[in-house]
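Have a look at query38.pdb; it's PDB, C-alpha atoms, pLDDT in the B column:
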ATOM      1  CA  MET A  64     -18.925 -34.769   7.422  1.00 86.00           C
ATOM      2  CA  ALA A  65     -21.956 -32.559   7.150  1.00 93.00           C
ATOM      3  CA  ARG A  66     -25.592 -33.351   6.690  1.00 96.00           C
ATOM      4  CA  VAL A  67     -27.175 -31.512   3.774  1.00 97.00           C
ATOM      5  CA  VAL A  68     -30.901 -31.462   3.048  1.00 98.00           C
ATOM      6  CA  VAL A  69     -32.273 -30.774  -0.424  1.00 98.00           C
ATOM      7  CA  ASP A  70     -36.013 -30.164  -0.665  1.00 98.00           C
ATOM      8  CA  VAL A  71     -37.547 -30.492  -4.128  1.00 98.00           C
ATOM      9  CA  MET A  72     -41.136 -29.356  -4.699  1.00 98.00           C
ATOM     10  CA  PRO A  73     -43.293 -29.048  -7.813  1.00 97.00           C
ATOM     11  CA  LYS A  74     -43.461 -25.420  -8.939  1.00 97.00           C
ATOM     12  CA  GLN A  75     -46.611 -23.627  -7.812  1.00 94.00           C
ATOM     13  CA  GLU A  76     -47.960 -23.414 -11.382  1.00 95.00           C
ATOM     14  CA  ILE A  77     -47.445 -27.148 -12.005  1.00 95.00           C
ATOM     15  CA  LEU A  78     -50.249 -29.590 -11.357  1.00 95.00           C
ATOM     16  CA  ASP A  79     -49.383 -32.046  -8.602  1.00 96.00           C
ATOM     17  CA  PRO A  80     -51.581 -35.131  -9.014  1.00 96.00           C
ATOM     18  CA  GLN A  81     -50.038 -36.976  -6.068  1.00 95.00           C
ATOM     19  CA  GLY A  82     -50.740 -34.094  -3.735  1.00 96.00           C
ATOM     20  CA  GLN A  83     -54.239 -33.644  -5.124  1.00 96.00           C
ATOM     21  CA  ALA A  84     -54.972 -37.324  -4.572  1.00 96.00           C
ATOM     22  CA  VAL A  85     -54.008 -37.019  -0.916  1.00 96.00           C
ATOM     23  CA  ALA A  86     -55.987 -33.787  -0.515  1.00 96.00           C
ATOM     24  CA  SER A  87     -59.145 -35.306  -1.949  1.00 96.00           C
ATOM     25  CA  ALA A  88     -58.804 -38.510   0.094  1.00 96.00           C
ATOM     26  CA  LEU A  89     -58.518 -36.709   3.451  1.00 96.00           C
ATOM     27  CA  PRO A  90     -62.191 -35.611   3.816  1.00 95.00           C
ATOM     28  CA  ARG A  91     -63.372 -39.082   2.830  1.00 95.00           C
ATOM     29  CA  LEU A  92     -61.351 -40.445   5.747  1.00 94.00           C
ATOM     30  CA  GLY A  93     -62.732 -37.926   8.197  1.00 94.00           C
ATOM     31  CA  PHE A  94     -59.962 -35.338   8.180  1.00 95.00           C
ATOM     32  CA  GLU A  95     -61.382 -31.862   7.578  1.00 95.00           C
ATOM     33  CA  GLY A  96     -59.646 -28.527   7.233  1.00 95.00           C
ATOM     34  CA  ILE A  97     -56.785 -29.428   4.875  1.00 96.00           C
ATOM     35  CA  SER A  98     -57.242 -27.222   1.822  1.00 95.00           C
ATOM     36  CA  GLU A  99     -54.153 -28.124  -0.163  1.00 96.00           C
ATOM     37  CA  VAL A 100     -51.481 -30.808  -0.218  1.00 97.00           C
ATOM     38  CA  ARG A 101     -48.371 -30.694  -2.341  1.00 97.00           C
ATOM     39  CA  GLN A 102     -45.973 -33.609  -2.537  1.00 97.00           C
ATOM     40  CA  GLY A 103     -42.293 -33.295  -3.276  1.00 98.00           C
ATOM     41  CA  LYS A 104     -39.035 -34.985  -2.432  1.00 98.00           C
ATOM     42  CA  ARG A 105     -36.545 -34.667   0.372  1.00 98.00           C
ATOM     43  CA  PHE A 106     -32.945 -35.774  -0.004  1.00 98.00           C
ATOM     44  CA  GLU A 107     -30.496 -36.166   2.885  1.00 98.00           C
ATOM     45  CA  LEU A 108     -26.841 -36.182   1.840  1.00 98.00           C
ATOM     46  CA  GLU A 109     -23.764 -36.993   3.904  1.00 97.00           C
ATOM     47  CA  VAL A 110     -21.166 -34.640   2.513  1.00 97.00           C
ATOM     48  CA  ALA A 111     -17.414 -34.307   3.076  1.00 96.00           C
ATOM     49  CA  ALA A 112     -16.302 -31.057   4.703  1.00 92.00           C
ATOM     50  CA  ASP A 113     -14.555 -29.810   1.556  1.00 93.00           C
ATOM     51  CA  VAL A 114     -17.651 -29.889  -0.679  1.00 95.00           C
ATOM     52  CA  ASP A 115     -18.641 -26.275  -1.256  1.00 94.00           C
ATOM     53  CA  ASP A 116     -22.058 -24.720  -1.652  1.00 95.00           C
ATOM     54  CA  GLU A 117     -21.670 -24.230  -5.383  1.00 96.00           C
ATOM     55  CA  THR A 118     -21.060 -27.944  -5.900  1.00 96.00           C
ATOM     56  CA  LEU A 119     -24.093 -28.791  -3.775  1.00 97.00           C
ATOM     57  CA  SER A 120     -26.177 -26.378  -5.796  1.00 97.00           C
ATOM     58  CA  ARG A 121     -25.067 -28.036  -9.050  1.00 96.00           C
ATOM     59  CA  ILE A 122     -25.845 -31.502  -7.669  1.00 97.00           C
ATOM     60  CA  ALA A 123     -29.332 -30.369  -6.686  1.00 97.00           C
ATOM     61  CA  GLU A 124     -29.997 -28.734 -10.024  1.00 96.00           C
ATOM     62  CA  THR A 125     -28.653 -31.503 -12.254  1.00 94.00           C
ATOM     63  CA  MET A 126     -29.293 -34.692 -10.288  1.00 94.00           C
ATOM     64  CA  LEU A 127     -32.048 -34.170  -7.744  1.00 97.00           C
ATOM     65  CA  ALA A 128     -34.475 -31.680  -9.266  1.00 97.00           C
ATOM     66  CA  ASN A 129     -35.952 -31.100 -12.686  1.00 97.00           C
ATOM     67  CA  PRO A 130     -35.624 -27.311 -13.012  1.00 96.00           C
ATOM     68  CA  VAL A 131     -38.368 -27.163 -15.624  1.00 97.00           C
ATOM     69  CA  ILE A 132     -41.067 -28.268 -13.199  1.00 97.00           C
ATOM     70  CA  GLU A 133     -39.511 -28.196  -9.738  1.00 97.00           C
ATOM     71  CA  ASP A 134     -38.115 -25.701  -7.253  1.00 98.00           C
ATOM     72  CA  TRP A 135     -35.448 -26.756  -4.784  1.00 98.00           C
ATOM     73  CA  THR A 136     -33.635 -25.535  -1.717  1.00 98.00           C
ATOM     74  CA  VAL A 137     -30.283 -26.667  -0.321  1.00 98.00           C
ATOM     75  CA  ARG A 138     -29.381 -26.225   3.330  1.00 96.00           C
ATOM     76  CA  ARG A 139     -26.774 -27.555   5.707  1.00 95.00           C
ATOM     77  CA  GLU A 140     -28.162 -29.015   8.910  1.00 91.00           C
ATOM     78  CA  GLU A 141     -26.527 -28.603  12.301  1.00 74.00           C
ATOM     79  CA  ALA A 142     -25.046 -31.866  13.554  1.00 64.00           C
TER      80      ALA A 142
ATOM     81  CA  MET B  49     -54.449 -20.946   7.482  1.00 86.00           C
ATOM     82  CA  ALA B  50     -51.147 -22.446   8.451  1.00 93.00           C
ATOM     83  CA  ARG B  51     -48.463 -24.138   6.427  1.00 96.00           C
ATOM     84  CA  VAL B  52     -47.499 -27.554   7.760  1.00 97.00           C
ATOM     85  CA  VAL B  53     -44.549 -29.570   6.497  1.00 98.00           C
ATOM     86  CA  VAL B  54     -44.381 -33.341   6.879  1.00 98.00           C
ATOM     87  CA  ASP B  55     -41.038 -34.967   6.095  1.00 98.00           C
ATOM     88  CA  VAL B  56     -41.103 -38.707   5.476  1.00 98.00           C
ATOM     89  CA  MET B  57     -37.825 -40.625   5.252  1.00 98.00           C
ATOM     90  CA  PRO B  58     -36.997 -44.329   4.967  1.00 97.00           C
ATOM     91  CA  LYS B  59     -35.931 -45.708   8.344  1.00 97.00           C
ATOM     92  CA  GLN B  60     -32.185 -45.931   8.793  1.00 94.00           C
ATOM     93  CA  GLU B  61     -32.222 -49.755   8.748  1.00 95.00           C
ATOM     94  CA  ILE B  62     -34.261 -49.873   5.520  1.00 95.00           C
ATOM     95  CA  LEU B  63     -32.505 -50.113   2.169  1.00 95.00           C
ATOM     96  CA  ASP B  64     -33.136 -47.058   0.021  1.00 96.00           C
ATOM     97  CA  PRO B  65     -32.518 -48.006  -3.616  1.00 96.00           C
ATOM     98  CA  GLN B  66     -33.436 -44.572  -4.965  1.00 95.00           C
ATOM     99  CA  GLY B  67     -30.949 -42.869  -2.696  1.00 96.00           C
ATOM    100  CA  GLN B  68     -28.290 -45.465  -3.451  1.00 96.00           C
ATOM    101  CA  ALA B  69     -28.784 -44.953  -7.184  1.00 96.00           C
ATOM    102  CA  VAL B  70     -28.177 -41.225  -6.790  1.00 96.00           C
ATOM    103  CA  ALA B  71     -25.162 -41.814  -4.537  1.00 96.00           C
ATOM    104  CA  SER B  72     -23.527 -44.179  -7.012  1.00 96.00           C
ATOM    105  CA  ALA B  73     -24.228 -41.917  -9.995  1.00 96.00           C
ATOM    106  CA  LEU B  74     -22.614 -38.827  -8.453  1.00 96.00           C
ATOM    107  CA  PRO B  75     -18.929 -39.904  -8.781  1.00 95.00           C
ATOM    108  CA  ARG B  76     -19.511 -40.993 -12.371  1.00 95.00           C
ATOM    109  CA  LEU B  77     -20.683 -37.449 -13.095  1.00 94.00           C
ATOM    110  CA  GLY B  78     -17.687 -35.857 -11.427  1.00 94.00           C
ATOM    111  CA  PHE B  79     -19.164 -35.062  -8.020  1.00 95.00           C
ATOM    112  CA  GLU B  80     -16.894 -36.398  -5.265  1.00 95.00           C
ATOM    113  CA  GLY B  81     -17.309 -36.334  -1.505  1.00 95.00           C
ATOM    114  CA  ILE B  82     -20.927 -37.435  -1.147  1.00 96.00           C
ATOM    115  CA  SER B  83     -20.853 -40.586   0.962  1.00 95.00           C
ATOM    116  CA  GLU B  84     -24.559 -41.254   1.367  1.00 96.00           C
ATOM    117  CA  VAL B  85     -27.849 -40.131  -0.152  1.00 97.00           C
ATOM    118  CA  ARG B  86     -31.257 -40.992   1.225  1.00 97.00           C
ATOM    119  CA  GLN B  87     -34.437 -40.075  -0.593  1.00 98.00           C
ATOM    120  CA  GLY B  88     -37.745 -39.432   1.075  1.00 98.00           C
ATOM    121  CA  LYS B  89     -40.848 -37.360   0.634  1.00 98.00           C
ATOM    122  CA  ARG B  90     -41.834 -33.863   1.637  1.00 98.00           C
ATOM    123  CA  PHE B  91     -45.474 -32.827   1.956  1.00 98.00           C
ATOM    124  CA  GLU B  92     -46.661 -29.239   2.280  1.00 98.00           C
ATOM    125  CA  LEU B  93     -50.188 -28.874   3.682  1.00 98.00           C
ATOM    126  CA  GLU B  94     -52.377 -25.791   3.911  1.00 97.00           C
ATOM    127  CA  VAL B  95     -54.249 -26.313   7.137  1.00 96.00           C
ATOM    128  CA  ALA B  96     -57.142 -24.448   8.773  1.00 96.00           C
ATOM    129  CA  ALA B  97     -56.333 -22.781  12.073  1.00 92.00           C
ATOM    130  CA  ASP B  98     -58.503 -25.165  14.096  1.00 93.00           C
ATOM    131  CA  VAL B  99     -56.684 -28.342  13.060  1.00 95.00           C
ATOM    132  CA  ASP B 100     -54.721 -29.508  16.087  1.00 94.00           C
ATOM    133  CA  ASP B 101     -51.367 -31.223  16.311  1.00 95.00           C
ATOM    134  CA  GLU B 102     -52.881 -34.576  17.172  1.00 96.00           C
ATOM    135  CA  THR B 103     -54.937 -34.581  13.968  1.00 96.00           C
ATOM    136  CA  LEU B 104     -51.884 -33.634  11.941  1.00 97.00           C
ATOM    137  CA  SER B 105     -49.960 -36.457  13.553  1.00 97.00           C
ATOM    138  CA  ARG B 106     -52.686 -38.941  12.648  1.00 96.00           C
ATOM    139  CA  ILE B 107     -52.793 -37.683   9.038  1.00 97.00           C
ATOM    140  CA  ALA B 108     -49.027 -38.113   8.753  1.00 97.00           C
ATOM    141  CA  GLU B 109     -49.068 -41.582  10.269  1.00 96.00           C
ATOM    142  CA  THR B 110     -52.033 -42.960   8.346  1.00 94.00           C
ATOM    143  CA  MET B 111     -51.951 -41.134   5.010  1.00 94.00           C
ATOM    144  CA  LEU B 112     -48.470 -39.808   4.315  1.00 97.00           C
ATOM    145  CA  ALA B 113     -46.046 -42.280   5.837  1.00 97.00           C
ATOM    146  CA  ASN B 114     -45.812 -46.039   6.071  1.00 97.00           C
ATOM    147  CA  PRO B 115     -44.839 -46.502   9.725  1.00 96.00           C
ATOM    148  CA  VAL B 116     -43.365 -49.948   9.058  1.00 97.00           C
ATOM    149  CA  ILE B 117     -40.577 -48.595   6.881  1.00 97.00           C
ATOM    150  CA  GLU B 118     -40.630 -44.814   7.276  1.00 97.00           C
ATOM    151  CA  ASP B 119     -40.017 -42.183   9.929  1.00 98.00           C
ATOM    152  CA  TRP B 120     -41.771 -38.838   9.747  1.00 98.00           C
ATOM    153  CA  THR B 121     -41.775 -35.432  11.325  1.00 97.00           C
ATOM    154  CA  VAL B 122     -44.560 -32.836  11.403  1.00 98.00           C
ATOM    155  CA  ARG B 123     -43.850 -29.144  11.890  1.00 96.00           C
ATOM    156  CA  ARG B 124     -45.703 -25.889  11.459  1.00 95.00           C
ATOM    157  CA  GLU B 125     -43.887 -23.309   9.378  1.00 91.00           C
ATOM    158  CA  GLU B 126     -43.896 -19.608  10.097  1.00 74.00           C
ATOM    159  CA  ALA B 127     -45.919 -17.690   7.526  1.00 64.00           C
TER     160      ALA B 127
END

Would it be possible to restate this file's structure as structure tokens?
Amino acid sequence: MARVVVDVMPKQEILDPQGQAVASALPRLGFEGISEVRQGKRFELEVAADVDDETLSRIAETMLANPVIEDWTVRREEA
Amino acid sequence: MARVVVDVMPKQEILDPQGQAVASALPRLGFEGISEVRQGKRFELEVAADVDDETLSRIAETMLANPVIEDWTVRREEA
């Protein structure tokens, strides 16, 4: 078993209303100095040892991210 | 400016219906060997140099995570 992390973030040129909402709320709550917030998704997968990187890449691209509006990274975490 | 990443995940004892939906869809789509999927959130913050770790921790705890059901980590990324 391996732990795999897939991070999915809105592409830089895509508006991110969730992140903008957080960014604009922070000063109202007394937190200064945060100029930008972007919100994405993080997936943690428990993966059998024989699942290869290409399969993981296809899972990320087809199931976890929307390639039109999101970038993603796949990495294996040390146990 | 520094890049700060806050990862927010459902606590291990909390049901995660989004992750379970992904996990149960994978075999139907021909992807075998994924035994568990958990879905959380990833925030990327652009932070002024004078924002200290304690402030970042309070932002994560009060704005980004729900401490009742979620765990979170805060880390500064290398530029």

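Considering only C-alpha atoms, the residue among B:Val54, B:Phe79, B:Asp64, B:Lys59 positioned nearest to Glu117 in chain A is B:Phe79.
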
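Atom pair CA of Val95 in chain B / CA of Ile77 in chain A: separated by 20.3 Å.
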
Can you work out which residues from chain B touch chain A at a cut-off of 9 Å (counting all atoms listed in the file) and hand them back as an MDAnalysis selection string? chainID B and resid 49 55:57 67 70:71 73:74 79:99 103 107 111:112

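Coordinates place CA of Pro58 in chain B at a distance of 9.4 Å from CA of Pro115 in chain B.
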
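Closest approach to Ala108 in chain B among B:Trp120, B:Ala69, B:Leu63, B:Arg76: B:Trp120, based on only C-alpha atoms.
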
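Distance-wise, CA of Arg124 in chain B and CA of Gln81 in chain A end up 21.2 Å apart.
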
Can range 80-91 of chain A be brought up to all heavy atoms and written out as a PDB file, in the coordinates of the input?
ATOM      1  N   PRO A  80     -50.528 -34.121  -9.189  1.00 96.00           N
ATOM      2  CA  PRO A  80     -51.581 -35.131  -9.014  1.00 96.00           C
ATOM      3  C   PRO A  80     -51.435 -35.954  -7.742  1.00 96.00           C
ATOM      4  O   PRO A  80     -52.448 -36.327  -7.138  1.00 96.00           O
ATOM      5  CB  PRO A  80     -51.447 -36.031 -10.254  1.00 96.00           C
ATOM      6  CG  PRO A  80     -50.302 -35.527 -11.045  1.00 96.00           C
ATOM      7  CD  PRO A  80     -49.756 -34.280 -10.425  1.00 96.00           C
ATOM      8  N   GLN A  81     -50.207 -36.211  -7.311  1.00 95.00           N
ATOM      9  CA  GLN A  81     -50.038 -36.976  -6.068  1.00 95.00           C
ATOM     10  C   GLN A  81     -50.595 -36.191  -4.890  1.00 95.00           C
ATOM     11  O   GLN A  81     -51.330 -36.734  -4.052  1.00 95.00           O
ATOM     12  CB  GLN A  81     -48.555 -37.284  -5.823  1.00 95.00           C
ATOM     13  CG  GLN A  81     -47.937 -38.200  -6.851  1.00 95.00           C
ATOM     14  CD  GLN A  81     -46.466 -38.470  -6.532  1.00 95.00           C
ATOM     15  OE1 GLN A  81     -46.087 -39.575  -6.173  1.00 95.00           O
ATOM     16  NE2 GLN A  81     -45.635 -37.465  -6.672  1.00 95.00           N
ATOM     17  N   GLY A  82     -50.235 -34.916  -4.826  1.00 96.00           N
ATOM     18  CA  GLY A  82     -50.740 -34.094  -3.735  1.00 96.00           C
ATOM     19  C   GLY A  82     -52.249 -33.955  -3.786  1.00 96.00           C
ATOM     20  O   GLY A  82     -52.933 -34.015  -2.758  1.00 96.00           O
ATOM     21  N   GLN A  83     -52.782 -33.775  -4.989  1.00 96.00           N
ATOM     22  CA  GLN A  83     -54.239 -33.644  -5.124  1.00 96.00           C
ATOM     23  C   GLN A  83     -54.947 -34.918  -4.691  1.00 96.00           C
ATOM     24  O   GLN A  83     -56.036 -34.862  -4.097  1.00 96.00           O
ATOM     25  CB  GLN A  83     -54.587 -33.299  -6.574  1.00 96.00           C
ATOM     26  CG  GLN A  83     -54.182 -31.880  -6.961  1.00 96.00           C
ATOM     27  CD  GLN A  83     -54.353 -31.595  -8.441  1.00 96.00           C
ATOM     28  OE1 GLN A  83     -54.617 -32.503  -9.233  1.00 96.00           O
ATOM     29  NE2 GLN A  83     -54.202 -30.330  -8.823  1.00 96.00           N
ATOM     30  N   ALA A  84     -54.354 -36.063  -4.978  1.00 96.00           N
ATOM     31  CA  ALA A  84     -54.972 -37.324  -4.572  1.00 96.00           C
ATOM     32  C   ALA A  84     -55.050 -37.419  -3.056  1.00 96.00           C
ATOM     33  O   ALA A  84     -56.069 -37.834  -2.488  1.00 96.00           O
ATOM     34  CB  ALA A  84     -54.185 -38.509  -5.144  1.00 96.00           C
ATOM     35  N   VAL A  85     -53.981 -37.013  -2.383  1.00 96.00           N
ATOM     36  CA  VAL A  85     -54.008 -37.019  -0.916  1.00 96.00           C
ATOM     37  C   VAL A  85     -55.051 -36.038  -0.411  1.00 96.00           C
ATOM     38  O   VAL A  85     -55.860 -36.353   0.470  1.00 96.00           O
ATOM     39  CB  VAL A  85     -52.611 -36.675  -0.351  1.00 96.00           C
ATOM     40  CG1 VAL A  85     -52.678 -36.528   1.167  1.00 96.00           C
ATOM     41  CG2 VAL A  85     -51.588 -37.731  -0.742  1.00 96.00           C
ATOM     42  N   ALA A  86     -55.056 -34.816  -0.994  1.00 96.00           N
ATOM     43  CA  ALA A  86     -55.987 -33.787  -0.515  1.00 96.00           C
ATOM     44  C   ALA A  86     -57.435 -34.225  -0.665  1.00 96.00           C
ATOM     45  O   ALA A  86     -58.266 -33.952   0.204  1.00 96.00           O
ATOM     46  CB  ALA A  86     -55.739 -32.477  -1.269  1.00 96.00           C
ATOM     47  N   SER A  87     -57.747 -34.917  -1.760  1.00 96.00           N
ATOM     48  CA  SER A  87     -59.145 -35.306  -1.949  1.00 96.00           C
ATOM     49  C   SER A  87     -59.499 -36.552  -1.140  1.00 96.00           C
ATOM     50  O   SER A  87     -60.679 -36.791  -0.863  1.00 96.00           O
ATOM     51  CB  SER A  87     -59.442 -35.528  -3.434  1.00 96.00           C
ATOM     52  OG  SER A  87     -58.636 -36.542  -3.961  1.00 96.00           O
ATOM     53  N   ALA A  88     -58.514 -37.333  -0.735  1.00 96.00           N
ATOM     54  CA  ALA A  88     -58.804 -38.510   0.094  1.00 96.00           C
ATOM     55  C   ALA A  88     -59.049 -38.136   1.556  1.00 96.00           C
ATOM     56  O   ALA A  88     -59.797 -38.823   2.260  1.00 96.00           O
ATOM     57  CB  ALA A  88     -57.646 -39.505   0.004  1.00 96.00           C
ATOM     58  N   LEU A  89     -58.441 -37.043   2.022  1.00 96.00           N
ATOM     59  CA  LEU A  89     -58.518 -36.709   3.451  1.00 96.00           C
ATOM     60  C   LEU A  89     -59.956 -36.546   3.959  1.00 96.00           C
ATOM     61  O   LEU A  89     -60.314 -37.152   4.978  1.00 96.00           O
ATOM     62  CB  LEU A  89     -57.691 -35.453   3.740  1.00 96.00           C
ATOM     63  CG  LEU A  89     -56.168 -35.669   3.733  1.00 96.00           C
ATOM     64  CD1 LEU A  89     -55.429 -34.334   3.727  1.00 96.00           C
ATOM     65  CD2 LEU A  89     -55.736 -36.487   4.941  1.00 96.00           C
ATOM     66  N   PRO A  90     -60.813 -35.748   3.287  1.00 95.00           N
ATOM     67  CA  PRO A  90     -62.191 -35.611   3.816  1.00 95.00           C
ATOM     68  C   PRO A  90     -62.945 -36.935   3.833  1.00 95.00           C
ATOM     69  O   PRO A  90     -63.715 -37.211   4.750  1.00 95.00           O
ATOM     70  CB  PRO A  90     -62.848 -34.620   2.847  1.00 95.00           C
ATOM     71  CG  PRO A  90     -61.740 -33.983   2.093  1.00 95.00           C
ATOM     72  CD  PRO A  90     -60.577 -34.918   2.116  1.00 95.00           C
ATOM     73  N   ARG A  91     -62.709 -37.771   2.851  1.00 95.00           N
ATOM     74  CA  ARG A  91     -63.372 -39.082   2.830  1.00 95.00           C
ATOM     75  C   ARG A  91     -62.990 -39.913   4.043  1.00 95.00           C
ATOM     76  O   ARG A  91     -63.750 -40.787   4.470  1.00 95.00           O
ATOM     77  CB  ARG A  91     -62.984 -39.856   1.560  1.00 95.00           C
ATOM     78  CG  ARG A  91     -63.512 -39.258   0.270  1.00 95.00           C
ATOM     79  CD  ARG A  91     -63.536 -40.293  -0.859  1.00 95.00           C
ATOM     80  NE  ARG A  91     -62.250 -40.892  -1.139  1.00 95.00           N
ATOM     81  CZ  ARG A  91     -61.378 -40.427  -2.043  1.00 95.00           C
ATOM     82  NH1 ARG A  91     -61.664 -39.348  -2.753  1.00 95.00           N
ATOM     83  NH2 ARG A  91     -60.234 -41.047  -2.257  1.00 95.00           N
TER      84      ARG A  91
END
